[in-house]
Amino acid sequence: MLFAPYIFFFMTDVRGMTATQYGGLQLIYYWVVMVTEVPSGVIADRLGRRHTLVLGALVNGLGCWTFAISHDFATFAVGEVLFALGTALISGADSAMLYDSLAAEHRETEYARAEGAGQMIWLALTAIGMPLTDHLIVAHRGPEPAYWITGALSFVGVVSAWLMVEPPRKKSGSAREITSGAISDVVRVPGIMRLIVYSIGVFLLLRIAIVSFYNPVLSANGVNPDWFGTVLALVNVAGAITAWSTASFLQRYGERAALLAMPLSIIGMFLLLMVVRAPAAALLFCIQGAVFGAYPPVPRSTLNRLVRNSEPRATVPSLESIACRVGVVAPPVPAC
C-alpha cells in the first residue's frame, strides 16, 4: 500500500473532500467489511482459501485504481466498497492457509515465526518503496501514481496466490455448519472471547494512530507531505524488526507479556505525542510501527491454537475482524 502515508492528504487536500466526507468514506469501508467478513470467511472454509485470496487480491487492485480516478464522493465510495471486499476476502483466509499448511507437516508450533517473517518482509519492502514513492513520485506528481502502482502490485498478488498449493483438507460442511461451528468456538472455547475483546482494543488504538494522528501530527510539526512516506518507512522498519523478533519474545516471555506490552506501548505513544515536537514526534510513530509488527503474529498465533479444528479456521478470524471493525464504525476520531 504505497499510498498509505497520503490517504487523508490525497482525499482532502488533493481531491477536495471535506473532513466529514473523509470520515463518511471510512465508515463505508468499515460497514462493508463488517457485512462481508463472515460470508467471505465461510467461502474460504467451504470452497478453498487459495481461490479466496486470488479474488481478494483482484478486488483490491480494482479498488486502488478506482481511488486513483476518483474526484467525487460517489466514486471514492465505490473504491472503498471494492477495497473493503478485498480486505474481507483476504482476512482470515491468509492465516488459515498458513496455519493449515504448517499443520499438514506437523509444524504448527512454527506459526508465530512464519507469520512474523511474512510481516517483517512486507514491512521491510515498504521501507524501501515508500521513500522512493516520496521522492520520485509524490514530490513531482502528487500521490495519485501511488494508487496506480499499488493496484498493479495487487495483480502481482493475484498471480502469487494462484500459484499457491493448498494443503489437503477434509470435506467441508455446509455454510451453516461452518458458521455455527465458528460461533460455537468463540462462545465455548476458553480464551477466544477474551482474545477478541483484546483485539478490538489494540486494533482501535492502531487505527486511531495511523488514520487520525499520523498526517495531522506530521503536518502540525512542519513535515512536508512528500516526506510522509519516508517517515512511515522508518516506522515500518521498527515494525519489521519487531515482527522478526516476536517469536523469540513469545518463547522467552510468553503470550501474556506480549499481549500486555502492545496496548501499553500505544497508550504511552499517545501521551508522549501531547508534549513532544518534531523531529521526535515523527520518530514516536515507530512505537506504533513496532506494535503493528507484533500485532498479527501474537493474536493470530493464539487464536489459531485455540480453534479446535481446521474447518472454521478462516471464519473464526473473520468474527474477530468484525468485532474489531465494530470498534471503529462509530464516527472516526477527529483529526487532532
# chains A, B, ... in the order shown; residues from 1 in each chain; ligands from 1
>>> residues_around(residues="Ala258 (chain A)", least_positions_apart="2", cutoff="9 Å", atoms="only C-alpha atoms", output="PyMOL selection string")
chain A and resi 246+249-250+253-256+260-262+294+298
>>> write_last_selection(atoms="N, CA and C atoms", output="compact mmCIF listing (two decimals), in the first residue's frame")
# COMPACT_ATOMS: atom_id res chain seq x y z
N THR A 246 9.37 -11.30 17.23
CA THR A 246 8.19 -11.63 18.04
C THR A 246 8.21 -13.07 18.51
N PHE A 249 10.48 -13.44 21.36
CA PHE A 249 9.90 -12.82 22.54
C PHE A 249 8.86 -13.74 23.18
N LEU A 250 8.02 -14.35 22.33
CA LEU A 250 6.99 -15.26 22.85
C LEU A 250 7.61 -16.45 23.56
N TYR A 253 9.27 -14.80 26.93
CA TYR A 253 8.45 -14.15 27.95
C TYR A 253 7.01 -14.63 27.98
N GLY A 254 6.55 -15.30 26.93
CA GLY A 254 5.20 -15.84 26.91
C GLY A 254 4.18 -14.92 26.26
N GLU A 255 3.02 -15.49 25.95
CA GLU A 255 1.97 -14.74 25.27
C GLU A 255 1.43 -13.58 26.11
N ARG A 256 1.29 -13.81 27.41
CA ARG A 256 0.68 -12.78 28.25
C ARG A 256 1.50 -11.50 28.25
N LEU A 260 0.22 -7.87 26.77
CA LEU A 260 0.16 -6.70 27.66
C LEU A 260 0.99 -5.55 27.11
N ALA A 261 2.12 -5.85 26.49
CA ALA A 261 3.04 -4.81 26.04
C ALA A 261 2.46 -3.96 24.92
N MET A 262 1.63 -4.56 24.04
CA MET A 262 1.17 -3.82 22.85
C MET A 262 0.27 -2.64 23.20
N ALA A 294 4.08 -6.58 15.61
CA ALA A 294 3.81 -7.70 16.51
C ALA A 294 2.35 -8.13 16.49
N VAL A 298 1.12 -12.29 17.16
CA VAL A 298 0.77 -12.67 18.54
C VAL A 298 -0.70 -13.11 18.66
>>> residues_around(residues="Leu303 (chain A)", least_positions_apart="3", cutoff="10 Å", atoms="only C-alpha atoms", output="JSON, numbers by chain")
{"A": [186, 191, 192, 193, 195, 196, 297, 298, 299, 300, 306, 307, 308, 313, 316, 317, 320]}
>>> write_last_selection(atoms="N, CA, C and O atoms", output="PDB file, in the first residue's frame")
ATOM      1  N   VAL A 186     -16.098 -19.612  19.382  1.00  0.00           N
ATOM      2  CA  VAL A 186     -15.951 -18.309  20.029  1.00  0.00           C
ATOM      3  C   VAL A 186     -16.600 -18.313  21.405  1.00  0.00           C
ATOM      4  O   VAL A 186     -16.039 -17.788  22.378  1.00  0.00           O
ATOM      5  N   GLY A 191     -10.941 -18.615  26.341  1.00  0.00           N
ATOM      6  CA  GLY A 191      -9.886 -17.722  25.868  1.00  0.00           C
ATOM      7  C   GLY A 191     -10.184 -17.005  24.573  1.00  0.00           C
ATOM      8  O   GLY A 191      -9.657 -15.907  24.340  1.00  0.00           O
ATOM      9  N   ILE A 192     -11.005 -17.578  23.685  1.00  0.00           N
ATOM     10  CA  ILE A 192     -11.230 -16.943  22.389  1.00  0.00           C
ATOM     11  C   ILE A 192     -11.989 -15.630  22.543  1.00  0.00           C
ATOM     12  O   ILE A 192     -11.622 -14.613  21.937  1.00  0.00           O
ATOM     13  N   MET A 193     -13.042 -15.622  23.344  1.00  0.00           N
ATOM     14  CA  MET A 193     -13.814 -14.387  23.524  1.00  0.00           C
ATOM     15  C   MET A 193     -12.950 -13.294  24.143  1.00  0.00           C
ATOM     16  O   MET A 193     -12.992 -12.134  23.721  1.00  0.00           O
ATOM     17  N   LEU A 195      -9.755 -12.985  23.889  1.00  0.00           N
ATOM     18  CA  LEU A 195      -8.796 -12.555  22.875  1.00  0.00           C
ATOM     19  C   LEU A 195      -9.451 -11.604  21.872  1.00  0.00           C
ATOM     20  O   LEU A 195      -8.822 -10.633  21.421  1.00  0.00           O
ATOM     21  N   ILE A 196     -10.701 -11.850  21.520  1.00  0.00           N
ATOM     22  CA  ILE A 196     -11.410 -10.971  20.588  1.00  0.00           C
ATOM     23  C   ILE A 196     -11.608  -9.592  21.210  1.00  0.00           C
ATOM     24  O   ILE A 196     -11.404  -8.563  20.551  1.00  0.00           O
ATOM     25  N   PRO A 297       1.291 -11.577  14.384  1.00  0.00           N
ATOM     26  CA  PRO A 297       1.804 -12.857  14.888  1.00  0.00           C
ATOM     27  C   PRO A 297       1.264 -13.267  16.251  1.00  0.00           C
ATOM     28  O   PRO A 297       0.970 -14.440  16.470  1.00  0.00           O
ATOM     29  N   VAL A 298       1.121 -12.291  17.163  1.00  0.00           N
ATOM     30  CA  VAL A 298       0.766 -12.671  18.535  1.00  0.00           C
ATOM     31  C   VAL A 298      -0.697 -13.110  18.657  1.00  0.00           C
ATOM     32  O   VAL A 298      -0.983 -14.258  19.023  1.00  0.00           O
ATOM     33  N   PRO A 299      -1.698 -12.255  18.356  1.00  0.00           N
ATOM     34  CA  PRO A 299      -3.083 -12.713  18.499  1.00  0.00           C
ATOM     35  C   PRO A 299      -3.447 -13.854  17.544  1.00  0.00           C
ATOM     36  O   PRO A 299      -4.177 -14.770  17.920  1.00  0.00           O
ATOM     37  N   ARG A 300      -2.946 -13.812  16.298  1.00  0.00           N
ATOM     38  CA  ARG A 300      -3.293 -14.877  15.352  1.00  0.00           C
ATOM     39  C   ARG A 300      -2.711 -16.217  15.772  1.00  0.00           C
ATOM     40  O   ARG A 300      -3.338 -17.261  15.595  1.00  0.00           O
ATOM     41  N   LEU A 306      -6.128 -21.905  19.595  1.00  0.00           N
ATOM     42  CA  LEU A 306      -7.343 -22.159  20.360  1.00  0.00           C
ATOM     43  C   LEU A 306      -8.458 -22.770  19.512  1.00  0.00           C
ATOM     44  O   LEU A 306      -9.317 -23.489  20.045  1.00  0.00           O
ATOM     45  N   VAL A 307      -8.485 -22.487  18.194  1.00  0.00           N
ATOM     46  CA  VAL A 307      -9.530 -23.051  17.327  1.00  0.00           C
ATOM     47  C   VAL A 307      -9.375 -24.565  17.282  1.00  0.00           C
ATOM     48  O   VAL A 307      -8.285 -25.082  17.023  1.00  0.00           O
ATOM     49  N   ARG A 308     -10.479 -25.271  17.492  1.00  0.00           N
ATOM     50  CA  ARG A 308     -10.383 -26.704  17.722  1.00  0.00           C
ATOM     51  C   ARG A 308     -10.087 -27.526  16.486  1.00  0.00           C
ATOM     52  O   ARG A 308      -9.465 -28.570  16.545  1.00  0.00           O
ATOM     53  N   ARG A 313     -11.500 -22.472  10.383  1.00  0.00           N
ATOM     54  CA  ARG A 313     -10.314 -21.712  10.764  1.00  0.00           C
ATOM     55  C   ARG A 313     -10.256 -20.324  10.120  1.00  0.00           C
ATOM     56  O   ARG A 313      -9.640 -19.409  10.645  1.00  0.00           O
ATOM     57  N   VAL A 316     -13.498 -18.087  12.042  1.00  0.00           N
ATOM     58  CA  VAL A 316     -13.294 -17.552  13.387  1.00  0.00           C
ATOM     59  C   VAL A 316     -12.523 -16.229  13.347  1.00  0.00           C
ATOM     60  O   VAL A 316     -12.938 -15.246  13.983  1.00  0.00           O
ATOM     61  N   PRO A 317     -11.395 -16.128  12.607  1.00  0.00           N
ATOM     62  CA  PRO A 317     -10.751 -14.819  12.497  1.00  0.00           C
ATOM     63  C   PRO A 317     -11.647 -13.757  11.864  1.00  0.00           C
ATOM     64  O   PRO A 317     -11.511 -12.566  12.155  1.00  0.00           O
ATOM     65  N   GLU A 320     -13.588 -12.346  14.576  1.00  0.00           N
ATOM     66  CA  GLU A 320     -12.727 -11.435  15.332  1.00  0.00           C
ATOM     67  C   GLU A 320     -12.561 -10.114  14.591  1.00  0.00           C
ATOM     68  O   GLU A 320     -12.602  -9.042  15.191  1.00  0.00           O
TER      69      GLU A 320
END
>>> select_by_dssp(residues="region 14-191 of chain A", states="helix (DSSP H, G or I)", output="MDAnalysis selection string")
chainID A and resid 14 19:47 49:69 73:90 93:103 108:141 144:162 175:188
>>> residues_around(residues="Leu319 (chain A)", least_positions_apart="5", cutoff="9 Å", atoms="only C-alpha atoms", output="list in words")
Met34, Glu37, Val38, Gly41, Ala182, Ile183, Val186, Ile196 and Cys324 of chain A
>>> closest_atom_pairs(of="region 125-180 of chain A", to="region 13-26 of chain A", cutoff="10 Å", atoms="only C-alpha atoms", output="JSON lines")
{"residue": "A:Gly142", "atom": "CA", "partner": "A:Val14", "partner_atom": "CA", "distance": 8.2}
{"residue": "A:Pro143", "atom": "CA", "partner": "A:Val14", "partner_atom": "CA", "distance": 8.5}
{"residue": "A:Glu144", "atom": "CA", "partner": "A:Val14", "partner_atom": "CA", "distance": 9.1}
>>> write_last_selection(atoms="C-alpha atoms", output="PDB file, in the first residue's frame")
ATOM      1  CA  GLY A 142       1.438  14.066  -6.181  1.00  0.00           C
ATOM      2  CA  PRO A 143       0.072  10.896  -4.511  1.00  0.00           C
ATOM      3  CA  GLU A 144      -2.147   9.647  -7.383  1.00  0.00           C
TER       4      GLU A 144
END
